[in-house]
file target.pdb (PDB, C-alpha atoms)
ATOM      1  CA  MET A   1     155.913 143.542 128.697  1.00  0.00           C
ATOM      2  CA  PHE A   2     158.398 145.364 130.933  1.00  0.00           C
ATOM      3  CA  LYS A   3     157.194 143.442 133.986  1.00  0.00           C
ATOM      4  CA  LYS A   4     157.770 140.114 132.244  1.00  0.00           C
ATOM      5  CA  MET A   5     161.287 141.229 131.229  1.00  0.00           C
ATOM      6  CA  LEU A   6     161.916 142.301 134.832  1.00  0.00           C
ATOM      7  CA  LEU A   7     160.736 138.882 136.056  1.00  0.00           C
ATOM      8  CA  ILE A   8     163.020 137.161 133.543  1.00  0.00           C
ATOM      9  CA  MET A   9     165.938 139.258 134.849  1.00  0.00           C
ATOM     10  CA  TRP A  10     165.087 138.220 138.430  1.00  0.00           C
ATOM     11  CA  MET A  11     164.861 134.587 137.304  1.00  0.00           C
ATOM     12  CA  LEU A  12     168.382 134.838 135.832  1.00  0.00           C
ATOM     13  CA  ILE A  13     169.651 136.394 139.071  1.00  0.00           C
ATOM     14  CA  ALA A  14     167.989 133.556 141.009  1.00  0.00           C
ATOM     15  CA  VAL A  15     169.588 130.892 138.801  1.00  0.00           C
ATOM     16  CA  LEU A  16     172.973 132.625 139.205  1.00  0.00           C
ATOM     17  CA  ALA A  17     172.506 132.682 142.987  1.00  0.00           C
ATOM     18  CA  ILE A  18     171.576 128.978 143.055  1.00  0.00           C
ATOM     19  CA  GLY A  19     174.575 128.122 140.846  1.00  0.00           C
ATOM     20  CA  VAL A  20     176.917 130.040 143.133  1.00  0.00           C
ATOM     21  CA  GLY A  21     175.320 128.396 146.155  1.00  0.00           C
ATOM     22  CA  ILE A  22     175.834 124.891 144.769  1.00  0.00           C
ATOM     23  CA  TYR A  23     179.428 125.723 143.822  1.00  0.00           C
ATOM     24  CA  LEU A  24     180.196 126.994 147.318  1.00  0.00           C
ATOM     25  CA  LEU A  25     178.630 123.925 148.920  1.00  0.00           C
ATOM     26  CA  MET A  26     180.642 121.544 146.717  1.00  0.00           C
ATOM     27  CA  HIS A  27     184.010 123.327 147.136  1.00  0.00           C
ATOM     28  CA  PRO A  28     184.198 124.812 150.654  1.00  0.00           C
ATOM     29  CA  LEU A  29     188.004 125.275 150.681  1.00  0.00           C
ATOM     30  CA  VAL A  30     188.112 126.813 147.234  1.00  0.00           C
ATOM     31  CA  ALA A  31     185.055 128.812 148.184  1.00  0.00           C
ATOM     32  CA  LEU A  32     186.897 130.603 150.964  1.00  0.00           C
ATOM     33  CA  ALA A  33     189.608 131.761 148.565  1.00  0.00           C
ATOM     34  CA  SER A  34     187.185 132.818 145.848  1.00  0.00           C
ATOM     35  CA  THR A  35     184.262 133.944 147.980  1.00  0.00           C
ATOM     36  CA  ALA A  36     185.196 137.619 147.867  1.00  0.00           C
ATOM     37  CA  TRP A  37     185.179 137.696 144.054  1.00  0.00           C
ATOM     38  CA  ILE A  38     182.091 135.504 143.691  1.00  0.00           C
ATOM     39  CA  MET A  39     180.249 137.464 146.350  1.00  0.00           C
ATOM     40  CA  GLY A  40     181.156 140.751 144.651  1.00  0.00           C
ATOM     41  CA  VAL A  41     179.790 139.629 141.284  1.00  0.00           C
ATOM     42  CA  VAL A  42     176.553 138.247 142.729  1.00  0.00           C
ATOM     43  CA  LEU A  43     176.115 141.316 144.941  1.00  0.00           C
ATOM     44  CA  ILE A  44     176.436 143.579 141.887  1.00  0.00           C
ATOM     45  CA  SER A  45     173.785 141.498 140.106  1.00  0.00           C
ATOM     46  CA  SER A  46     171.505 141.677 143.128  1.00  0.00           C
ATOM     47  CA  ALA A  47     172.056 145.435 143.515  1.00  0.00           C
ATOM     48  CA  ILE A  48     171.164 146.050 139.868  1.00  0.00           C
ATOM     49  CA  GLY A  49     168.029 143.949 140.256  1.00  0.00           C
ATOM     50  CA  SER A  50     167.004 145.857 143.392  1.00  0.00           C
ATOM     51  CA  LEU A  51     167.591 149.244 141.755  1.00  0.00           C
ATOM     52  CA  VAL A  52     165.638 148.297 138.630  1.00  0.00           C
ATOM     53  CA  THR A  53     162.809 146.954 140.790  1.00  0.00           C
ATOM     54  CA  TYR A  54     162.830 150.178 142.822  1.00  0.00           C
ATOM     55  CA  SER A  55     162.495 152.217 139.636  1.00  0.00           C
ATOM     56  CA  ARG A  56     159.219 150.381 138.918  1.00  0.00           C
ATOM     57  CA  GLN A  57     157.933 150.386 142.525  1.00  0.00           C
ATOM     58  CA  ARG A  58     158.590 154.039 143.384  1.00  0.00           C
ATOM     59  CA  GLY A  59     155.800 155.286 145.641  1.00  0.00           C
ATOM     60  CA  GLN A  60     154.616 151.822 146.690  1.00  0.00           C
ATOM     61  CA  PRO A  61     154.992 150.344 150.192  1.00  0.00           C
ATOM     62  CA  GLY A  62     158.504 148.972 150.698  1.00  0.00           C
ATOM     63  CA  ALA A  63     160.017 150.762 147.679  1.00  0.00           C
ATOM     64  CA  GLY A  64     162.376 152.842 149.828  1.00  0.00           C
ATOM     65  CA  TRP A  65     163.753 149.683 151.396  1.00  0.00           C
ATOM     66  CA  GLN A  66     164.279 148.236 147.920  1.00  0.00           C
ATOM     67  CA  LEU A  67     166.323 151.344 147.030  1.00  0.00           C
ATOM     68  CA  ALA A  68     168.309 151.111 150.281  1.00  0.00           C
ATOM     69  CA  ASP A  69     168.976 147.427 149.618  1.00  0.00           C
ATOM     70  CA  GLY A  70     170.218 148.213 146.105  1.00  0.00           C
ATOM     71  CA  ILE A  71     172.529 151.042 147.198  1.00  0.00           C
ATOM     72  CA  LEU A  72     173.970 149.237 150.233  1.00  0.00           C
ATOM     73  CA  THR A  73     174.443 146.014 148.256  1.00  0.00           C
ATOM     74  CA  LEU A  74     176.229 147.910 145.462  1.00  0.00           C
ATOM     75  CA  LEU A  75     178.534 149.669 147.945  1.00  0.00           C
ATOM     76  CA  LEU A  76     179.321 146.358 149.621  1.00  0.00           C
ATOM     77  CA  ALA A  77     180.019 144.735 146.231  1.00  0.00           C
ATOM     78  CA  VAL A  78     182.458 147.469 145.182  1.00  0.00           C
ATOM     79  CA  TYR A  79     184.242 147.291 148.537  1.00  0.00           C
ATOM     80  CA  VAL A  80     184.546 143.507 148.375  1.00  0.00           C
ATOM     81  CA  LEU A  81     185.921 143.571 144.823  1.00  0.00           C
ATOM     82  CA  LEU A  82     188.462 146.337 145.526  1.00  0.00           C
ATOM     83  CA  HIS A  83     189.769 144.920 148.816  1.00  0.00           C
ATOM     84  CA  GLN A  84     189.665 141.138 148.438  1.00  0.00           C
ATOM     85  CA  LEU A  85     192.274 140.155 151.063  1.00  0.00           C
ATOM     86  CA  PHE A  86     190.774 142.421 153.676  1.00  0.00           C
ATOM     87  CA  ALA A  87     187.334 141.267 152.554  1.00  0.00           C
ATOM     88  CA  ILE A  88     188.239 137.639 153.266  1.00  0.00           C
ATOM     89  CA  ALA A  89     189.431 138.578 156.770  1.00  0.00           C
ATOM     90  CA  ALA A  90     186.346 140.716 157.333  1.00  0.00           C
ATOM     91  CA  LEU A  91     184.042 138.301 155.526  1.00  0.00           C
ATOM     92  CA  PRO A  92     182.315 136.943 158.633  1.00  0.00           C
ATOM     93  CA  TYR A  93     181.342 140.483 159.662  1.00  0.00           C
ATOM     94  CA  LEU A  94     180.476 141.683 156.153  1.00  0.00           C
ATOM     95  CA  ALA A  95     178.387 138.600 155.454  1.00  0.00           C
ATOM     96  CA  SER A  96     176.683 138.841 158.859  1.00  0.00           C
ATOM     97  CA  CYS A  97     175.761 142.493 158.321  1.00  0.00           C
ATOM     98  CA  TRP A  98     174.468 141.812 154.821  1.00  0.00           C
ATOM     99  CA  VAL A  99     172.355 138.889 156.045  1.00  0.00           C
ATOM    100  CA  LEU A 100     171.055 140.933 159.008  1.00  0.00           C
ATOM    101  CA  PHE A 101     170.087 143.842 156.745  1.00  0.00           C
ATOM    102  CA  PHE A 102     168.368 141.513 154.273  1.00  0.00           C
ATOM    103  CA  GLY A 103     166.390 139.934 157.136  1.00  0.00           C
ATOM    104  CA  MET A 104     165.375 143.316 158.571  1.00  0.00           C
ATOM    105  CA  ARG A 105     164.373 144.570 155.109  1.00  0.00           C
ATOM    106  CA  LYS A 106     162.193 141.495 154.550  1.00  0.00           C
ATOM    107  CA  ILE A 107     160.487 141.894 157.947  1.00  0.00           C
ATOM    108  CA  ILE A 108     159.775 145.600 157.413  1.00  0.00           C
ATOM    109  CA  SER A 109     158.547 145.036 153.850  1.00  0.00           C
ATOM    110  CA  ALA A 110     156.296 142.200 155.034  1.00  0.00           C
ATOM    111  CA  ILE A 111     154.726 144.418 157.695  1.00  0.00           C
ATOM    112  CA  GLU A 112     154.209 147.228 155.169  1.00  0.00           C
ATOM    113  CA  GLN A 113     152.644 144.828 152.639  1.00  0.00           C
ATOM    114  CA  LYS A 114     150.354 143.039 155.094  1.00  0.00           C
ATOM    115  CA  HIS A 115     147.210 144.649 153.718  1.00  0.00           C
ATOM    116  CA  GLU A 116     148.200 144.589 150.037  1.00  0.00           C
ATOM    117  CA  PRO A 117     146.175 142.263 147.806  1.00  0.00           C
ATOM    118  CA  TYR A 118     148.094 139.264 146.457  1.00  0.00           C
ATOM    119  CA  SER A 119     151.004 139.906 148.803  1.00  0.00           C
ATOM    120  CA  ASP A 120     153.053 137.102 150.275  1.00  0.00           C
ATOM    121  CA  TRP A 121     153.632 139.060 153.455  1.00  0.00           C
ATOM    122  CA  GLY A 122     153.494 135.959 155.674  1.00  0.00           C
ATOM    123  CA  TRP A 123     156.173 134.170 153.663  1.00  0.00           C
ATOM    124  CA  ASN A 124     158.257 137.349 153.532  1.00  0.00           C
ATOM    125  CA  LEU A 125     157.941 137.730 157.302  1.00  0.00           C
ATOM    126  CA  ALA A 126     159.023 134.103 157.844  1.00  0.00           C
ATOM    127  CA  LEU A 127     161.957 134.553 155.448  1.00  0.00           C
ATOM    128  CA  GLY A 128     162.939 137.771 157.237  1.00  0.00           C
ATOM    129  CA  ILE A 129     162.867 136.172 160.688  1.00  0.00           C
ATOM    130  CA  ILE A 130     164.829 133.101 159.562  1.00  0.00           C
ATOM    131  CA  THR A 131     167.376 135.283 157.759  1.00  0.00           C
ATOM    132  CA  LEU A 132     167.717 137.575 160.786  1.00  0.00           C
ATOM    133  CA  LEU A 133     168.367 134.563 163.040  1.00  0.00           C
ATOM    134  CA  VAL A 134     170.996 133.234 160.608  1.00  0.00           C
ATOM    135  CA  GLY A 135     172.682 136.660 160.567  1.00  0.00           C
ATOM    136  CA  MET A 136     172.754 136.858 164.381  1.00  0.00           C
ATOM    137  CA  SER A 137     174.202 133.354 164.535  1.00  0.00           C
ATOM    138  CA  MET A 138     176.914 134.309 162.041  1.00  0.00           C
ATOM    139  CA  LEU A 139     177.752 137.486 163.954  1.00  0.00           C
ATOM    140  CA  SER A 140     177.932 135.721 167.333  1.00  0.00           C
ATOM    141  CA  SER A 141     180.638 133.304 166.168  1.00  0.00           C
ATOM    142  CA  PRO A 142     182.921 134.990 163.595  1.00  0.00           C
ATOM    143  CA  VAL A 143     185.650 132.319 163.760  1.00  0.00           C
ATOM    144  CA  MET A 144     183.176 129.532 163.125  1.00  0.00           C
ATOM    145  CA  THR A 145     181.561 131.672 160.420  1.00  0.00           C
ATOM    146  CA  LEU A 146     184.937 132.052 158.701  1.00  0.00           C
ATOM    147  CA  PHE A 147     185.506 128.280 158.722  1.00  0.00           C
ATOM    148  CA  SER A 148     182.038 127.552 157.424  1.00  0.00           C
ATOM    149  CA  VAL A 149     181.632 130.599 155.181  1.00  0.00           C
ATOM    150  CA  GLY A 150     181.576 128.551 151.983  1.00  0.00           C
ATOM    151  CA  SER A 151     178.796 126.314 153.196  1.00  0.00           C
ATOM    152  CA  MET A 152     176.838 129.095 154.856  1.00  0.00           C
ATOM    153  CA  MET A 153     177.097 131.403 151.867  1.00  0.00           C
ATOM    154  CA  GLY A 154     176.286 128.490 149.586  1.00  0.00           C
ATOM    155  CA  MET A 155     173.099 127.739 151.500  1.00  0.00           C
ATOM    156  CA  LEU A 156     172.138 131.406 151.667  1.00  0.00           C
ATOM    157  CA  PHE A 157     172.664 132.025 147.952  1.00  0.00           C
ATOM    158  CA  ALA A 158     170.802 128.839 147.029  1.00  0.00           C
ATOM    159  CA  TYR A 159     167.962 129.672 149.455  1.00  0.00           C
ATOM    160  CA  ARG A 160     167.665 133.247 148.188  1.00  0.00           C
ATOM    161  CA  GLY A 161     167.669 131.933 144.613  1.00  0.00           C
ATOM    162  CA  VAL A 162     164.877 129.445 145.340  1.00  0.00           C
ATOM    163  CA  VAL A 163     162.787 132.082 147.130  1.00  0.00           C
ATOM    164  CA  THR A 164     163.284 134.444 144.185  1.00  0.00           C
ATOM    165  CA  ILE A 165     162.176 131.740 141.742  1.00  0.00           C
ATOM    166  CA  VAL A 166     159.008 131.148 143.810  1.00  0.00           C
ATOM    167  CA  PHE A 167     158.367 134.909 143.755  1.00  0.00           C
ATOM    168  CA  VAL A 168     158.926 135.114 139.979  1.00  0.00           C
ATOM    169  CA  VAL A 169     156.614 132.156 139.259  1.00  0.00           C
ATOM    170  CA  ARG A 170     153.837 133.655 141.399  1.00  0.00           C
ATOM    171  CA  GLN A 171     154.203 137.068 139.805  1.00  0.00           C
ATOM    172  CA  TRP A 172     154.301 135.524 136.313  1.00  0.00           C
ATOM    173  CA  ARG A 173     150.998 133.766 137.053  1.00  0.00           C
ATOM    174  CA  LEU A 174     149.427 137.013 138.276  1.00  0.00           C
ATOM    175  CA  ILE A 175     150.594 138.880 135.184  1.00  0.00           C
ATOM    176  CA  SER A 176     149.420 136.114 132.875  1.00  0.00           C
ATOM    177  CA  ALA A 177     146.030 135.943 134.610  1.00  0.00           C
ATOM    178  CA  ALA A 178     145.568 139.711 134.263  1.00  0.00           C
ATOM    179  CA  GLY A 179     146.400 139.805 130.543  1.00  0.00           C
ATOM    180  CA  ASN A 180     148.990 142.536 130.142  1.00  0.00           C
ATOM    181  CA  GLY A 181     149.608 142.724 133.896  1.00  0.00           C
ATOM    182  CA  GLU A 182     150.249 146.453 134.028  1.00  0.00           C
ATOM    183  CA  GLU A 183     147.633 146.932 136.759  1.00  0.00           C
ATOM    184  CA  ASN A 184     149.394 144.463 139.105  1.00  0.00           C
ATOM    185  CA  HIS A 185     152.204 145.605 141.383  1.00  0.00           C
ATOM    186  CA  PHE A 186     154.982 143.443 142.747  1.00  0.00           C
TER     187      PHE A 186
END
call {"tool": "encode", "arguments": {"input": "target.pdb", "output": "structure tokens"}}
result
Amino acid sequence: MFKKMLLIMWMLIAVLAIGVGIYLLMHPLVALASTAWIMGVVLISSAIGSLVTYSRQRGQPGAGWQLADGILTLLLAVYVLLHQLFAIAALPYLASCWVLFFGMRKIISAIEQKHEPYSDWGWNLALGIITLLVGMSMLSSPVMTLFSVGSMMGMLFAYRGVVTIVFVVRQWRLISAAGNGEENHF
């Protein structure tokens, strides 16, 4: 039962991320002004999700990276919310670092989960590589990143939301197929 509630929470986070992504894509000028606040709220949601997931995955491959993701994302969220003007000026660098860390975490987790049954390590590896390349691109051109931050963040949030929904649907099927699902790990 707890796993299904956890999946529902991740589904809500994914829908929130997609909603924010669509908003940022539709309003790029407004997005720049409100990106710090929006990013802070979504980052807090993501950090909570990562920390809750870590609490259930403790001792499994990749769990430490889930904890690191949750802590770093929470610290970044608090910083962004407390220092919004500076955050907007530093946004290209903050966003680049967050995207780079997310990509590295996905690559490392994929490698650790390669031999796990029912793992999507190949998809996680592809997501990690693509995300890492996007982060390097953002970091290499901070001025262009600042001008396109609304669109780039919109695409990233929407993409992360869609990937999370795919993950949730697959895990839901595994849990449903196993009955109570407590013997499955995700």
call {"tool": "residues_around", "arguments": {"input": "target.pdb", "residues": "A:Thr131", "least_positions_apart": "5", "cutoff": "7 Å", "atoms": "all atoms listed in the file", "output": "VMD selection string"}}
result
chain A and resid 99 to 100 103
call {"tool": "resolve_selection", "arguments": {"input": "target.pdb", "expression": "the PyMOL selection byres ((chain A and resi 12) around 12)", "output": "PyMOL selection string"}}
result
chain A and resi 5-11+13-19+42+45-46+49+161-162+164-165+168
call {"tool": "write_last_selection", "arguments": {"input": "target.pdb", "atoms": "C-alpha atoms", "output": "CSV table (one decimal), in the coordinates of the input"}}
result
chain,number,residue,atom,x,y,z
A,5,MET,CA,161.3,141.2,131.2
A,6,LEU,CA,161.9,142.3,134.8
A,7,LEU,CA,160.7,138.9,136.1
A,8,ILE,CA,163.0,137.2,133.5
A,9,MET,CA,165.9,139.3,134.8
A,10,TRP,CA,165.1,138.2,138.4
A,11,MET,CA,164.9,134.6,137.3
A,13,ILE,CA,169.7,136.4,139.1
A,14,ALA,CA,168.0,133.6,141.0
A,15,VAL,CA,169.6,130.9,138.8
A,16,LEU,CA,173.0,132.6,139.2
A,17,ALA,CA,172.5,132.7,143.0
A,18,ILE,CA,171.6,129.0,143.1
A,19,GLY,CA,174.6,128.1,140.8
A,42,VAL,CA,176.6,138.2,142.7
A,45,SER,CA,173.8,141.5,140.1
A,46,SER,CA,171.5,141.7,143.1
A,49,GLY,CA,168.0,143.9,140.3
A,161,GLY,CA,167.7,131.9,144.6
A,162,VAL,CA,164.9,129.4,145.3
A,164,THR,CA,163.3,134.4,144.2
A,165,ILE,CA,162.2,131.7,141.7
A,168,VAL,CA,158.9,135.1,140.0
call {"tool": "residues_around", "arguments": {"input": "target.pdb", "residues": "A:Leu133", "least_positions_apart": "6", "cutoff": "12 Å", "atoms": "all atoms listed in the file", "output": "NGL selection string"}}
result
:A and (96-97 or 99-104 or 107 or 126-127 or 139-140)
call {"tool": "write_last_selection", "arguments": {"input": "target.pdb", "atoms": "C-alpha atoms", "output": "mmCIF file, in the frame of the given file"}}
result
data_model
loop_
_atom_site.group_PDB
_atom_site.id
_atom_site.type_symbol
_atom_site.label_atom_id
_atom_site.label_comp_id
_atom_site.auth_asym_id
_atom_site.auth_seq_id
_atom_site.Cartn_x
_atom_site.Cartn_y
_atom_site.Cartn_z
ATOM 1 C CA SER A 96 176.683 138.841 158.859
ATOM 2 C CA CYS A 97 175.761 142.493 158.321
ATOM 3 C CA VAL A 99 172.355 138.889 156.045
ATOM 4 C CA LEU A 100 171.055 140.933 159.008
ATOM 5 C CA PHE A 101 170.087 143.842 156.745
ATOM 6 C CA PHE A 102 168.368 141.513 154.273
ATOM 7 C CA GLY A 103 166.390 139.934 157.136
ATOM 8 C CA MET A 104 165.375 143.316 158.571
ATOM 9 C CA ILE A 107 160.487 141.894 157.947
ATOM 10 C CA ALA A 126 159.023 134.103 157.844
ATOM 11 C CA LEU A 127 161.957 134.553 155.448
ATOM 12 C CA LEU A 139 177.752 137.486 163.954
ATOM 13 C CA SER A 140 177.932 135.721 167.333
#
call {"tool": "axis_aligned_box", "arguments": {"input": "target.pdb", "around": "stretch 81-93 of chain A", "padding_each_side": "8 Å", "output": "AutoDock Vina command-line options"}}
result
--center_x 186.8 --center_y 141.6 --center_z 152.2 --size_x 26.9 --size_y 25.4 --size_z 30.8
call {"tool": "closest_residue", "arguments": {"input": "target.pdb", "among": "A:Val166, A:Met1, A:Met153, A:Ala178", "to": "A:Leu25", "atoms": "only C-alpha atoms"}}
result
A:Met153
call {"tool": "atom_distance", "arguments": {"input": "target.pdb", "atom1": "atom CA of A:Pro142", "atom2": "atom CA of A:Thr35"}}
result
15.7 Å
call {"tool": "atom_distance", "arguments": {"input": "target.pdb", "atom1": "atom CA of A:Gly64", "atom2": "atom CA of A:Lys3"}}
result
19.1 Å
call {"tool": "build_atoms", "arguments": {"input": "target.pdb", "residues": "stretch 50-73 of chain A", "atoms": "N, CA and C atoms", "output": "PDB file, in the coordinates of the input"}}
result
ATOM      1  N   SER A  50     167.735 145.063 142.398  1.00  0.00           N
ATOM      2  CA  SER A  50     167.004 145.857 143.392  1.00  0.00           C
ATOM      3  C   SER A  50     166.755 147.276 142.892  1.00  0.00           C
ATOM      4  N   LEU A  51     167.752 147.874 142.255  1.00  0.00           N
ATOM      5  CA  LEU A  51     167.591 149.244 141.755  1.00  0.00           C
ATOM      6  C   LEU A  51     166.588 149.314 140.602  1.00  0.00           C
ATOM      7  N   VAL A  52     166.613 148.327 139.727  1.00  0.00           N
ATOM      8  CA  VAL A  52     165.638 148.297 138.630  1.00  0.00           C
ATOM      9  C   VAL A  52     164.232 148.087 139.198  1.00  0.00           C
ATOM     10  N   THR A  53     164.105 147.191 140.164  1.00  0.00           N
ATOM     11  CA  THR A  53     162.809 146.954 140.790  1.00  0.00           C
ATOM     12  C   THR A  53     162.316 148.225 141.481  1.00  0.00           C
ATOM     13  N   TYR A  54     163.215 148.917 142.169  1.00  0.00           N
ATOM     14  CA  TYR A  54     162.830 150.178 142.822  1.00  0.00           C
ATOM     15  C   TYR A  54     162.292 151.176 141.799  1.00  0.00           C
ATOM     16  N   SER A  55     162.936 151.250 140.645  1.00  0.00           N
ATOM     17  CA  SER A  55     162.495 152.217 139.636  1.00  0.00           C
ATOM     18  C   SER A  55     161.056 151.957 139.194  1.00  0.00           C
ATOM     19  N   ARG A  56     160.597 150.721 139.278  1.00  0.00           N
ATOM     20  CA  ARG A  56     159.219 150.381 138.918  1.00  0.00           C
ATOM     21  C   ARG A  56     158.264 150.453 140.112  1.00  0.00           C
ATOM     22  N   GLN A  57     158.789 150.414 141.338  1.00  0.00           N
ATOM     23  CA  GLN A  57     157.933 150.386 142.525  1.00  0.00           C
ATOM     24  C   GLN A  57     157.873 151.730 143.242  1.00  0.00           C
ATOM     25  N   ARG A  58     158.523 152.739 142.713  1.00  0.00           N
ATOM     26  CA  ARG A  58     158.590 154.039 143.384  1.00  0.00           C
ATOM     27  C   ARG A  58     157.199 154.475 143.836  1.00  0.00           C
ATOM     28  N   GLY A  59     157.074 154.850 145.095  1.00  0.00           N
ATOM     29  CA  GLY A  59     155.800 155.286 145.641  1.00  0.00           C
ATOM     30  C   GLY A  59     154.962 154.188 146.268  1.00  0.00           C
ATOM     31  N   GLN A  60     155.357 152.936 146.113  1.00  0.00           N
ATOM     32  CA  GLN A  60     154.616 151.822 146.690  1.00  0.00           C
ATOM     33  C   GLN A  60     155.219 151.443 148.041  1.00  0.00           C
ATOM     34  N   PRO A  61     154.445 150.759 148.893  1.00  0.00           N
ATOM     35  CA  PRO A  61     154.992 150.344 150.192  1.00  0.00           C
ATOM     36  C   PRO A  61     156.244 149.473 150.012  1.00  0.00           C
ATOM     37  N   GLY A  62     157.280 149.768 150.747  1.00  0.00           N
ATOM     38  CA  GLY A  62     158.504 148.972 150.698  1.00  0.00           C
ATOM     39  C   GLY A  62     159.493 149.403 149.635  1.00  0.00           C
ATOM     40  N   ALA A  63     159.125 150.361 148.778  1.00  0.00           N
ATOM     41  CA  ALA A  63     160.017 150.762 147.679  1.00  0.00           C
ATOM     42  C   ALA A  63     161.299 151.406 148.203  1.00  0.00           C
ATOM     43  N   GLY A  64     161.189 152.202 149.251  1.00  0.00           N
ATOM     44  CA  GLY A  64     162.376 152.842 149.828  1.00  0.00           C
ATOM     45  C   GLY A  64     163.379 151.824 150.353  1.00  0.00           C
ATOM     46  N   TRP A  65     162.872 150.740 150.908  1.00  0.00           N
ATOM     47  CA  TRP A  65     163.753 149.683 151.396  1.00  0.00           C
ATOM     48  C   TRP A  65     164.415 148.952 150.234  1.00  0.00           C
ATOM     49  N   GLN A  66     163.696 148.853 149.120  1.00  0.00           N
ATOM     50  CA  GLN A  66     164.279 148.236 147.920  1.00  0.00           C
ATOM     51  C   GLN A  66     165.443 149.090 147.425  1.00  0.00           C
ATOM     52  N   LEU A  67     165.260 150.427 147.435  1.00  0.00           N
ATOM     53  CA  LEU A  67     166.323 151.344 147.030  1.00  0.00           C
ATOM     54  C   LEU A  67     167.514 151.238 147.990  1.00  0.00           C
ATOM     55  N   ALA A  68     167.230 151.229 149.291  1.00  0.00           N
ATOM     56  CA  ALA A  68     168.309 151.111 150.281  1.00  0.00           C
ATOM     57  C   ALA A  68     169.071 149.806 150.103  1.00  0.00           C
ATOM     58  N   ASP A  69     168.341 148.722 149.857  1.00  0.00           N
ATOM     59  CA  ASP A  69     168.976 147.427 149.618  1.00  0.00           C
ATOM     60  C   ASP A  69     169.894 147.502 148.400  1.00  0.00           C
ATOM     61  N   GLY A  70     169.416 148.108 147.317  1.00  0.00           N
ATOM     62  CA  GLY A  70     170.218 148.213 146.105  1.00  0.00           C
ATOM     63  C   GLY A  70     171.484 149.030 146.311  1.00  0.00           C
ATOM     64  N   ILE A  71     171.366 150.173 146.980  1.00  0.00           N
ATOM     65  CA  ILE A  71     172.529 151.042 147.198  1.00  0.00           C
ATOM     66  C   ILE A  71     173.534 150.382 148.138  1.00  0.00           C
ATOM     67  N   LEU A  72     173.055 149.871 149.276  1.00  0.00           N
ATOM     68  CA  LEU A  72     173.970 149.237 150.233  1.00  0.00           C
ATOM     69  C   LEU A  72     174.635 147.991 149.643  1.00  0.00           C
ATOM     70  N   THR A  73     173.880 147.217 148.877  1.00  0.00           N
ATOM     71  CA  THR A  73     174.443 146.014 148.256  1.00  0.00           C
ATOM     72  C   THR A  73     175.489 146.393 147.216  1.00  0.00           C
TER      73      THR A  73
END
